[in-house]
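Note: the block below is input-v5.cif and it holds mmCIF, C-alpha atoms.
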data_model
loop_
_atom_site.group_PDB
_atom_site.id
_atom_site.type_symbol
_atom_site.label_atom_id
_atom_site.label_comp_id
_atom_site.auth_asym_id
_atom_site.auth_seq_id
_atom_site.Cartn_x
_atom_site.Cartn_y
_atom_site.Cartn_z
ATOM 1 C CA MET A 1 28.612 -26.682 19.986
ATOM 2 C CA SER A 2 25.366 -25.123 18.947
ATOM 3 C CA ILE A 3 25.551 -22.274 21.418
ATOM 4 C CA ILE A 4 24.500 -19.604 18.889
ATOM 5 C CA TRP A 5 21.454 -21.605 17.983
ATOM 6 C CA HIS A 6 20.417 -21.964 21.593
ATOM 7 C CA ILE A 7 20.869 -18.284 22.363
ATOM 8 C CA THR A 8 18.845 -17.289 19.315
ATOM 9 C CA SER A 9 16.018 -19.670 20.072
ATOM 10 C CA ALA A 10 15.952 -18.435 23.661
ATOM 11 C CA VAL A 11 15.657 -14.854 22.369
ATOM 12 C CA ALA A 12 12.873 -15.951 20.019
ATOM 13 C CA ILE A 13 10.883 -17.670 22.744
ATOM 14 C CA LEU A 14 11.378 -14.833 25.216
ATOM 15 C CA SER A 15 10.375 -12.097 22.789
ATOM 16 C CA THR A 16 7.370 -14.080 21.562
ATOM 17 C CA LEU A 17 6.216 -14.570 25.132
ATOM 18 C CA MET A 18 6.546 -10.831 25.655
ATOM 19 C CA VAL A 19 4.462 -10.215 22.516
ATOM 20 C CA VAL A 20 1.448 -12.072 23.824
ATOM 21 C CA THR A 21 1.667 -10.670 27.356
ATOM 22 C CA ARG A 22 2.090 -6.925 26.788
ATOM 23 C CA TYR A 23 -0.783 -4.549 27.449
ATOM 24 C CA ASN A 24 0.395 -1.809 25.151
ATOM 25 C CA PRO A 25 0.240 -2.480 21.382
ATOM 26 C CA VAL A 26 3.431 -0.562 20.648
ATOM 27 C CA HIS A 27 5.396 -2.546 23.213
ATOM 28 C CA ALA A 28 4.058 -5.755 21.699
ATOM 29 C CA LEU A 29 5.142 -4.540 18.281
ATOM 30 C CA LEU A 30 8.670 -3.838 19.534
ATOM 31 C CA TYR A 31 8.933 -7.361 20.878
ATOM 32 C CA LEU A 32 7.383 -8.825 17.734
ATOM 33 C CA ASN A 33 10.066 -7.064 15.720
ATOM 34 C CA VAL A 34 12.765 -8.685 17.844
ATOM 35 C CA SER A 35 11.032 -12.040 17.450
ATOM 36 C CA LEU A 36 10.998 -11.674 13.659
ATOM 37 C CA MET A 37 14.683 -10.751 13.599
ATOM 38 C CA SER A 38 15.599 -13.741 15.741
ATOM 39 C CA LEU A 39 13.625 -15.994 13.404
ATOM 40 C CA ALA A 40 15.512 -14.465 10.489
ATOM 41 C CA LEU A 41 18.765 -15.341 12.214
ATOM 42 C CA LEU A 42 17.495 -18.893 12.730
ATOM 43 C CA PHE A 43 16.724 -19.134 9.026
ATOM 44 C CA TYR A 44 20.234 -17.948 8.279
ATOM 45 C CA LEU A 45 21.653 -20.574 10.595
ATOM 46 C CA LEU A 46 19.551 -23.226 8.864
ATOM 47 C CA GLY A 47 21.127 -22.369 5.531
ATOM 48 C CA ALA A 48 18.347 -20.235 4.089
ATOM 49 C CA PRO A 49 19.793 -16.714 3.710
ATOM 50 C CA PHE A 50 17.242 -15.742 1.074
ATOM 51 C CA ALA A 51 14.359 -16.556 3.392
ATOM 52 C CA ALA A 52 16.108 -14.691 6.210
ATOM 53 C CA LEU A 53 16.397 -11.544 4.107
ATOM 54 C CA LEU A 54 12.781 -11.812 3.009
ATOM 55 C CA GLU A 55 11.709 -12.235 6.612
ATOM 56 C CA ILE A 56 13.427 -8.983 7.545
ATOM 57 C CA ILE A 57 12.289 -7.048 4.462
ATOM 58 C CA VAL A 58 8.681 -8.177 4.284
ATOM 59 C CA TYR A 59 7.807 -8.950 7.888
ATOM 60 C CA ALA A 60 9.949 -6.595 9.931
ATOM 61 C CA GLY A 61 9.763 -3.950 7.227
ATOM 62 C CA ALA A 62 6.419 -3.898 5.508
ATOM 63 C CA ILE A 63 3.957 -5.714 7.750
ATOM 64 C CA MET A 64 5.286 -3.960 10.853
ATOM 65 C CA VAL A 65 4.765 -0.589 9.163
ATOM 66 C CA LEU A 66 1.157 -1.591 8.460
ATOM 67 C CA PHE A 67 0.601 -2.384 12.117
ATOM 68 C CA ILE A 68 2.207 0.875 13.227
ATOM 69 C CA PHE A 69 0.079 2.887 10.812
ATOM 70 C CA VAL A 70 -3.086 1.289 12.096
ATOM 71 C CA ILE A 71 -2.105 1.926 15.712
ATOM 72 C CA MET A 72 -1.382 5.537 14.785
ATOM 73 C CA LEU A 73 -4.773 5.834 13.104
ATOM 74 C CA LEU A 74 -6.555 4.398 16.106
ATOM 75 C CA ASN A 75 -4.843 6.679 18.603
ATOM 76 C CA LEU A 76 -5.887 10.000 17.190
ATOM 77 C CA GLY A 77 -6.590 12.569 19.831
ATOM 78 C CA LYS A 78 -5.189 15.315 21.931
ATOM 79 C CA GLU A 79 -3.752 13.021 24.535
ATOM 80 C CA THR A 80 -1.551 11.224 22.032
ATOM 81 C CA ALA A 81 1.496 13.374 22.582
ATOM 82 C CA VAL A 82 1.279 13.094 26.342
ATOM 83 C CA GLN A 83 0.775 9.360 26.008
ATOM 84 C CA GLU A 84 3.738 9.081 23.661
ATOM 85 C CA LYS A 85 5.959 10.902 26.097
ATOM 86 C CA LYS A 86 4.750 8.634 28.845
ATOM 87 C CA TRP A 87 5.397 5.524 26.772
ATOM 88 C CA LEU A 88 8.885 6.324 25.627
ATOM 89 C CA LYS A 89 10.698 5.813 28.881
ATOM 90 C CA PRO A 90 13.916 3.768 28.976
ATOM 91 C CA ARG A 91 12.140 1.065 30.919
ATOM 92 C CA VAL A 92 10.039 0.442 27.815
ATOM 93 C CA TRP A 93 12.661 0.107 25.133
ATOM 94 C CA VAL A 94 15.509 -1.389 27.123
ATOM 95 C CA GLY A 95 14.066 -4.897 26.898
ATOM 96 C CA PRO A 96 13.774 -5.063 23.092
ATOM 97 C CA MET A 97 17.103 -3.240 22.833
ATOM 98 C CA ALA A 98 18.891 -5.872 24.912
ATOM 99 C CA LEU A 99 17.400 -8.760 22.956
ATOM 100 C CA ALA A 100 18.186 -7.108 19.623
ATOM 101 C CA LEU A 101 21.731 -6.422 20.814
ATOM 102 C CA ILE A 102 22.202 -10.139 21.437
ATOM 103 C CA LEU A 103 21.113 -10.840 17.866
ATOM 104 C CA LEU A 104 23.432 -8.160 16.518
ATOM 105 C CA LEU A 105 26.425 -9.595 18.361
ATOM 106 C CA GLU A 106 25.548 -13.039 17.064
ATOM 107 C CA ILE A 107 25.394 -11.905 13.479
ATOM 108 C CA PHE A 108 28.736 -10.118 13.828
ATOM 109 C CA TYR A 109 30.211 -13.345 15.155
ATOM 110 C CA LEU A 110 28.685 -15.361 12.338
ATOM 111 C CA LEU A 111 29.862 -12.983 9.640
ATOM 112 C CA HIS A 112 33.379 -13.229 10.993
ATOM 113 C CA THR A 113 33.547 -16.976 11.376
ATOM 114 C CA SER A 114 31.158 -18.724 9.060
ATOM 115 C CA GLN A 115 31.426 -19.510 5.398
ATOM 116 C CA GLN A 116 27.763 -20.130 4.864
ATOM 117 C CA MET A 117 27.000 -17.212 2.624
ATOM 118 C CA THR A 118 29.388 -18.487 -0.008
ATOM 119 C CA GLY A 119 27.031 -21.388 -0.476
ATOM 120 C CA GLY A 120 27.849 -24.822 -1.657
ATOM 121 C CA PRO A 121 26.373 -27.846 -3.304
ATOM 122 C CA TYR A 122 22.919 -27.882 -1.901
ATOM 123 C CA ALA A 123 21.639 -31.409 -2.306
ATOM 124 C CA ASN A 124 24.331 -33.471 -0.686
ATOM 125 C CA GLY A 125 22.730 -33.595 2.726
ATOM 126 C CA ARG A 126 25.779 -32.620 4.749
ATOM 127 C CA GLY A 127 23.798 -31.624 7.761
ATOM 128 C CA LEU A 128 21.358 -28.932 8.687
ATOM 129 C CA GLY A 129 23.515 -25.873 8.137
ATOM 130 C CA THR A 130 24.218 -26.474 4.474
ATOM 131 C CA ALA A 131 23.090 -23.476 2.502
ATOM 132 C CA VAL A 132 20.358 -23.861 -0.091
ATOM 133 C CA SER A 133 21.280 -21.206 -2.606
ATOM 134 C CA SER A 134 18.766 -18.645 -3.760
ATOM 135 C CA ARG A 135 19.383 -19.854 -7.317
ATOM 136 C CA ALA A 136 17.957 -23.247 -6.406
ATOM 137 C CA VAL A 137 15.006 -21.562 -4.717
ATOM 138 C CA ALA A 138 14.330 -19.401 -7.767
ATOM 139 C CA LEU A 139 14.553 -22.363 -10.148
ATOM 140 C CA SER A 140 12.167 -24.379 -8.041
ATOM 141 C CA LEU A 141 9.851 -21.417 -7.590
ATOM 142 C CA PHE A 142 9.481 -20.598 -11.266
ATOM 143 C CA GLN A 143 9.537 -24.117 -12.655
ATOM 144 C CA THR A 144 7.843 -26.516 -10.282
ATOM 145 C CA TYR A 145 5.716 -24.058 -8.347
ATOM 146 C CA VAL A 146 4.901 -21.517 -11.029
ATOM 147 C CA ILE A 147 1.172 -22.120 -10.647
ATOM 148 C CA GLY A 148 1.560 -21.377 -6.943
ATOM 149 C CA VAL A 149 3.297 -18.104 -7.778
ATOM 150 C CA GLU A 150 0.417 -17.094 -10.006
ATOM 151 C CA MET A 151 -2.083 -18.017 -7.321
ATOM 152 C CA ALA A 152 -0.127 -15.976 -4.767
ATOM 153 C CA ALA A 153 -0.197 -13.021 -7.147
ATOM 154 C CA LEU A 154 -3.951 -13.424 -7.496
ATOM 155 C CA LEU A 155 -4.303 -13.639 -3.718
ATOM 156 C CA LEU A 156 -2.299 -10.451 -3.224
ATOM 157 C CA MET A 157 -4.377 -8.616 -5.793
ATOM 158 C CA ALA A 158 -7.565 -9.784 -4.134
ATOM 159 C CA ALA A 159 -6.157 -8.618 -0.799
ATOM 160 C CA VAL A 160 -5.364 -5.168 -2.170
ATOM 161 C CA VAL A 161 -8.824 -4.774 -3.692
ATOM 162 C CA GLY A 162 -10.488 -6.172 -0.591
ATOM 163 C CA ALA A 163 -8.541 -3.931 1.768
ATOM 164 C CA ALA A 164 -9.357 -0.881 -0.345
ATOM 165 C CA HIS A 165 -13.006 -1.839 -0.298
ATOM 166 C CA ILE A 166 -13.242 -2.686 3.389
ATOM 167 C CA GLY A 167 -11.158 0.224 4.568
ATOM 168 C CA ARG A 168 -13.283 2.790 2.778
ATOM 169 C CA HIS A 169 -14.791 5.096 5.347
ATOM 170 C CA LYS A 170 -18.499 5.180 4.724
ATOM 171 C CA LYS A 171 -20.780 7.733 6.316
ATOM 172 C CA THR A 172 -23.238 6.076 8.614
ATOM 173 C CA ASN A 173 -26.772 6.985 7.572
ATOM 174 C CA LEU A 174 -28.859 7.523 10.628
ATOM 175 C CA HIS A 175 -32.530 8.263 10.565
ATOM 176 C CA ARG A 176 -33.232 11.942 10.887
ATOM 177 C CA PHE A 177 -34.897 11.459 14.274
ATOM 178 C CA LEU A 178 -31.778 9.716 15.548
ATOM 179 C CA ASN A 179 -29.422 12.283 14.096
ATOM 180 C CA GLU A 180 -28.700 14.580 17.009
ATOM 181 C CA ASP A 181 -26.586 17.030 15.062
ATOM 182 C CA HIS A 182 -29.489 18.322 13.013
ATOM 183 C CA PRO A 183 -32.670 18.218 15.050
ATOM 184 C CA LEU A 184 -35.850 19.007 13.207
ATOM 185 C CA MET B 1 28.815 -25.751 13.226
ATOM 186 C CA ASN B 2 26.358 -23.363 14.761
ATOM 187 C CA THR B 3 23.290 -25.406 13.952
ATOM 188 C CA PRO B 4 21.733 -28.052 16.149
ATOM 189 C CA ASP B 5 22.558 -31.659 15.581
ATOM 190 C CA ASN B 6 19.058 -32.927 15.018
ATOM 191 C CA ILE B 7 15.898 -31.610 13.466
ATOM 192 C CA GLU B 8 13.799 -32.520 16.482
ATOM 193 C CA SER B 9 14.948 -29.514 18.479
ATOM 194 C CA ILE B 10 14.059 -27.145 15.644
ATOM 195 C CA LEU B 11 10.630 -28.676 15.288
ATOM 196 C CA LEU B 12 10.248 -28.428 19.057
ATOM 197 C CA LEU B 13 11.067 -24.726 18.890
ATOM 198 C CA ALA B 14 8.571 -24.254 16.052
ATOM 199 C CA ALA B 15 5.887 -26.094 18.029
ATOM 200 C CA LEU B 16 6.650 -23.988 21.097
ATOM 201 C CA LEU B 17 6.348 -20.729 19.160
ATOM 202 C CA PHE B 18 3.149 -21.977 17.555
ATOM 203 C CA CYS B 19 1.685 -22.823 20.963
ATOM 204 C CA ILE B 20 2.631 -19.387 22.317
ATOM 205 C CA GLY B 21 0.843 -17.782 19.386
ATOM 206 C CA MET B 22 -2.190 -20.000 19.834
ATOM 207 C CA ALA B 23 -2.334 -19.182 23.544
ATOM 208 C CA GLY B 24 -2.137 -15.512 22.595
ATOM 209 C CA VAL B 25 -5.112 -15.900 20.268
ATOM 210 C CA MET B 26 -7.081 -17.575 23.014
ATOM 211 C CA ILE B 27 -6.253 -15.404 26.014
ATOM 212 C CA ARG B 28 -6.323 -11.925 24.505
ATOM 213 C CA LYS B 29 -9.497 -9.888 24.217
ATOM 214 C CA ASN B 30 -8.102 -7.172 21.969
ATOM 215 C CA ILE B 31 -8.484 -8.011 18.301
ATOM 216 C CA LEU B 32 -5.191 -6.282 17.424
ATOM 217 C CA PHE B 33 -3.276 -8.593 19.752
ATOM 218 C CA MET B 34 -5.082 -11.571 18.285
ATOM 219 C CA LEU B 35 -3.839 -10.552 14.832
ATOM 220 C CA LEU B 36 -0.299 -10.254 16.216
ATOM 221 C CA SER B 37 -0.585 -13.751 17.695
ATOM 222 C CA VAL B 38 -1.737 -15.117 14.341
ATOM 223 C CA GLU B 39 1.428 -13.606 12.855
ATOM 224 C CA VAL B 40 3.477 -15.449 15.462
ATOM 225 C CA MET B 41 1.772 -18.708 14.520
ATOM 226 C CA LEU B 42 2.453 -18.153 10.826
ATOM 227 C CA ASN B 43 6.105 -17.494 11.606
ATOM 228 C CA ALA B 44 6.342 -20.713 13.575
ATOM 229 C CA SER B 45 4.947 -22.729 10.685
ATOM 230 C CA GLY B 46 7.390 -21.009 8.366
ATOM 231 C CA LEU B 47 10.222 -22.029 10.662
ATOM 232 C CA ALA B 48 9.042 -25.632 10.468
ATOM 233 C CA PHE B 49 9.003 -25.460 6.666
ATOM 234 C CA ILE B 50 12.497 -23.973 6.536
ATOM 235 C CA ALA B 51 13.801 -26.623 8.921
ATOM 236 C CA ALA B 52 12.316 -29.405 6.811
ATOM 237 C CA GLY B 53 13.801 -27.903 3.657
ATOM 238 C CA ALA B 54 17.200 -27.656 5.322
ATOM 239 C CA TYR B 55 16.898 -31.232 6.543
ATOM 240 C CA TRP B 56 16.355 -32.608 3.061
ATOM 241 C CA GLY B 57 18.648 -30.089 1.357
ATOM 242 C CA GLN B 58 15.885 -29.087 -1.009
ATOM 243 C CA PRO B 59 14.594 -25.599 -1.879
ATOM 244 C CA ASP B 60 10.947 -26.593 -1.457
ATOM 245 C CA GLY B 61 10.832 -25.484 2.159
ATOM 246 C CA GLN B 62 11.873 -21.962 1.258
ATOM 247 C CA VAL B 63 9.334 -21.898 -1.570
ATOM 248 C CA MET B 64 6.603 -22.808 0.891
ATOM 249 C CA PHE B 65 7.906 -20.074 3.206
ATOM 250 C CA LEU B 66 7.538 -17.572 0.379
ATOM 251 C CA PHE B 67 3.927 -18.633 -0.067
ATOM 252 C CA ILE B 68 3.326 -18.263 3.663
ATOM 253 C CA LEU B 69 4.857 -14.794 3.462
ATOM 254 C CA ALA B 70 2.530 -13.726 0.635
ATOM 255 C CA MET B 71 -0.444 -15.174 2.477
ATOM 256 C CA ALA B 72 0.527 -13.366 5.680
ATOM 257 C CA ALA B 73 0.806 -10.056 3.841
ATOM 258 C CA ALA B 74 -2.658 -10.502 2.348
ATOM 259 C CA GLU B 75 -4.111 -11.570 5.686
ATOM 260 C CA VAL B 76 -2.605 -8.632 7.539
ATOM 261 C CA SER B 77 -3.882 -6.062 5.050
ATOM 262 C CA ILE B 78 -7.426 -7.442 5.133
ATOM 263 C CA GLY B 79 -7.349 -7.858 8.907
ATOM 264 C CA LEU B 80 -6.126 -4.349 9.574
ATOM 265 C CA ALA B 81 -8.763 -2.893 7.261
ATOM 266 C CA LEU B 82 -11.384 -4.854 9.204
ATOM 267 C CA ILE B 83 -9.924 -3.565 12.487
ATOM 268 C CA LEU B 84 -10.218 0.023 11.262
ATOM 269 C CA GLN B 85 -13.839 -0.524 10.275
ATOM 270 C CA ILE B 86 -14.633 -2.200 13.593
ATOM 271 C CA TYR B 87 -13.093 0.695 15.466
ATOM 272 C CA HIS B 88 -15.086 3.200 13.457
ATOM 273 C CA LEU B 89 -18.300 1.322 14.140
ATOM 274 C CA HIS B 90 -17.861 0.375 17.788
ATOM 275 C CA ARG B 91 -15.177 2.739 19.164
ATOM 276 C CA SER B 92 -13.600 -0.323 20.741
ATOM 277 C CA LEU B 93 -11.440 -3.296 19.812
ATOM 278 C CA ASP B 94 -12.823 -5.573 22.514
ATOM 279 C CA ILE B 95 -14.087 -8.775 20.960
ATOM 280 C CA ASP B 96 -16.754 -9.108 23.621
ATOM 281 C CA LYS B 97 -18.420 -5.954 22.338
ATOM 282 C CA ILE B 98 -18.461 -7.120 18.733
ATOM 283 C CA LYS B 99 -21.339 -9.529 18.778
ATOM 284 C CA GLU B 100 -23.780 -8.535 16.127
ATOM 285 C CA MET B 101 -23.198 -11.878 14.426
ATOM 286 C CA ASN B 102 -24.227 -13.652 17.638
ATOM 287 C CA GLY B 103 -21.231 -15.980 17.595
#
Serialized structure, structure tokens:
Amino acid sequence: MSIIWHITSAVAILSTLMVVTRYNPVHALLYLNVSLMSLALLFYLLGAPFAALLEIIVYAGAIMVLFIFVIMLLNLGKETAVQEKKWLKPRVWVGPMALALILLLEIFYLLHTSQQMTGGPYANGRGLGTAVSSRAVALSLFQTYVIGVEMAALLLMAAVVGAAHIGRHKKTNLHRFLNEDHPL
Amino acid sequence: MNTPDNIESILLLAALLFCIGMAGVMIRKNILFMLLSVEVMLNASGLAFIAAGAYWGQPDGQVMFLFILAMAAAEVSIGLALILQIYHLHRSLDIDKIKEMNG
């Protein structure tokens, strides 16, 4: 009776396999996006809708945009437009489209049939699909794990400062004999 | 119900995804793909945490997933900044060409 779960895990495994086997970074990113969405659907099936939404917002939204920006920055050049036109053939995007369409149909089915989003008593152990409400998550997060939240905030701030420092584009100082632009 | 009957299958799926990510880290030579594979591994561990939290009916699994999410965001920002610097220095993302640390 767990046909939705099996389909979603098959989509997750397939798209993850495609992520690690693609040659083109953009194709790998398309498949990684599908993999993240299928994991979000798995979280929803496991009764964690808050984690599913965060997976879509943070991973498939923010982190994916970071990757795309870096790939854009690395591909500067005249041949980019030609390459883009060459990449964007239907053969490229029909695979991620098909996998994402499966996930979309599944979530339509779930929204029509399931009552999980209404939540329920969370600690009665009535099986794996029982929803843990976001209220319980928030209470646990800001009472038991509040020191972890502060450490995560510190980690994120260190990451922002570190990324700004590392990503600064320094001029390389060559010796004047090695500098071919301005010969003596 | 749309969920599996036992937690073993979920943990098996998480282990499978983790192994795919680990294989990706080991077989790829492009540092961008290695970062993508690390993301896959982090997702797999998050799935294991969520499954354990759902198994016990406690919110702790989702809390741990939130911490993994924050850690992944920090790791990706630092890693992508390093990738940009490496590309500016070496004009390549091949890890075989980045060997000034003699690793």
I want to know what sits within 10 Å of Leu42 (chain B), based on only C-alpha atoms, with residues of the same chain fewer than 3 positions away left out; could you give that as a PDB file with C-alpha atoms, in the frame of the given file?
ATOM      1  CA  LEU B  17       6.348 -20.729  19.160  1.00  0.00           C
ATOM      2  CA  PHE B  18       3.149 -21.977  17.555  1.00  0.00           C
ATOM      3  CA  GLY B  21       0.843 -17.782  19.386  1.00  0.00           C
ATOM      4  CA  LEU B  36      -0.299 -10.254  16.216  1.00  0.00           C
ATOM      5  CA  SER B  37      -0.585 -13.751  17.695  1.00  0.00           C
ATOM      6  CA  VAL B  38      -1.737 -15.117  14.341  1.00  0.00           C
ATOM      7  CA  GLU B  39       1.428 -13.606  12.855  1.00  0.00           C
ATOM      8  CA  SER B  45       4.947 -22.729  10.685  1.00  0.00           C
ATOM      9  CA  GLY B  46       7.390 -21.009   8.366  1.00  0.00           C
ATOM     10  CA  LEU B  47      10.222 -22.029  10.662  1.00  0.00           C
ATOM     11  CA  ALA B  48       9.042 -25.632  10.468  1.00  0.00           C
ATOM     12  CA  PHE B  65       7.906 -20.074   3.206  1.00  0.00           C
ATOM     13  CA  ILE B  68       3.326 -18.263   3.663  1.00  0.00           C
ATOM     14  CA  LEU B  69       4.857 -14.794   3.462  1.00  0.00           C
ATOM     15  CA  MET B  71      -0.444 -15.174   2.477  1.00  0.00           C
ATOM     16  CA  ALA B  72       0.527 -13.366   5.680  1.00  0.00           C
TER      17      ALA B  72
END
With a distance cut-off of 9 Å and all atoms listed in the file, select the neighbouring residues of Phe49 (chain B), excluding the residue or stretch itself and same-chain residues fewer than 4 positions from it, and output the selection as a ChimeraX atom specification.
/B:44-45,53-54,60-65
Selected residues, C-alpha atoms, written as a PDB file, keeping the file's coordinate frame, please.
ATOM      1  CA  ALA B  44       6.342 -20.713  13.575  1.00  0.00           C
ATOM      2  CA  SER B  45       4.947 -22.729  10.685  1.00  0.00           C
ATOM      3  CA  GLY B  53      13.801 -27.903   3.657  1.00  0.00           C
ATOM      4  CA  ALA B  54      17.200 -27.656   5.322  1.00  0.00           C
ATOM      5  CA  ASP B  60      10.947 -26.593  -1.457  1.00  0.00           C
ATOM      6  CA  GLY B  61      10.832 -25.484   2.159  1.00  0.00           C
ATOM      7  CA  GLN B  62      11.873 -21.962   1.258  1.00  0.00           C
ATOM      8  CA  VAL B  63       9.334 -21.898  -1.570  1.00  0.00           C
ATOM      9  CA  MET B  64       6.603 -22.808   0.891  1.00  0.00           C
ATOM     10  CA  PHE B  65       7.906 -20.074   3.206  1.00  0.00           C
TER      11      PHE B  65
END
Using all atoms listed in the file, I'd like every residue of chain B that has an atom within 8 Å of chain A; please write them out as a PyMOL selection string.
chain B and resi 1-7+13+16-17+20-21+24+28+32-33+36-37+40+43+47+50-51+54-60+62-63+65-67+69-71+73-78+80-82+84-85+87
Padded axis-aligned box of region 51-67 of chain A (6 Å per side), centre and edge lengths, Å, one decimal, as JSON:
{"center_x": 8.5, "center_y": -8.6, "center_z": 7.6, "size_x": 27.8, "size_y": 28.0, "size_z": 21.1}
At what distance in Å, to one decimal, does CA of Ile107 (chain A) lie from CA of Leu35 (chain B)?
29.3 Å
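Relative to CA of Leu11 (chain B), CA of Ile102 (chain A) is found at 22.7 Å.
Those residues that approach Ile98 (chain B) to within 9 Å, counting only C-alpha atoms, are B:Ile86, B:His90, B:Ser92; same-chain residues fewer than 6 positions away are not listed.
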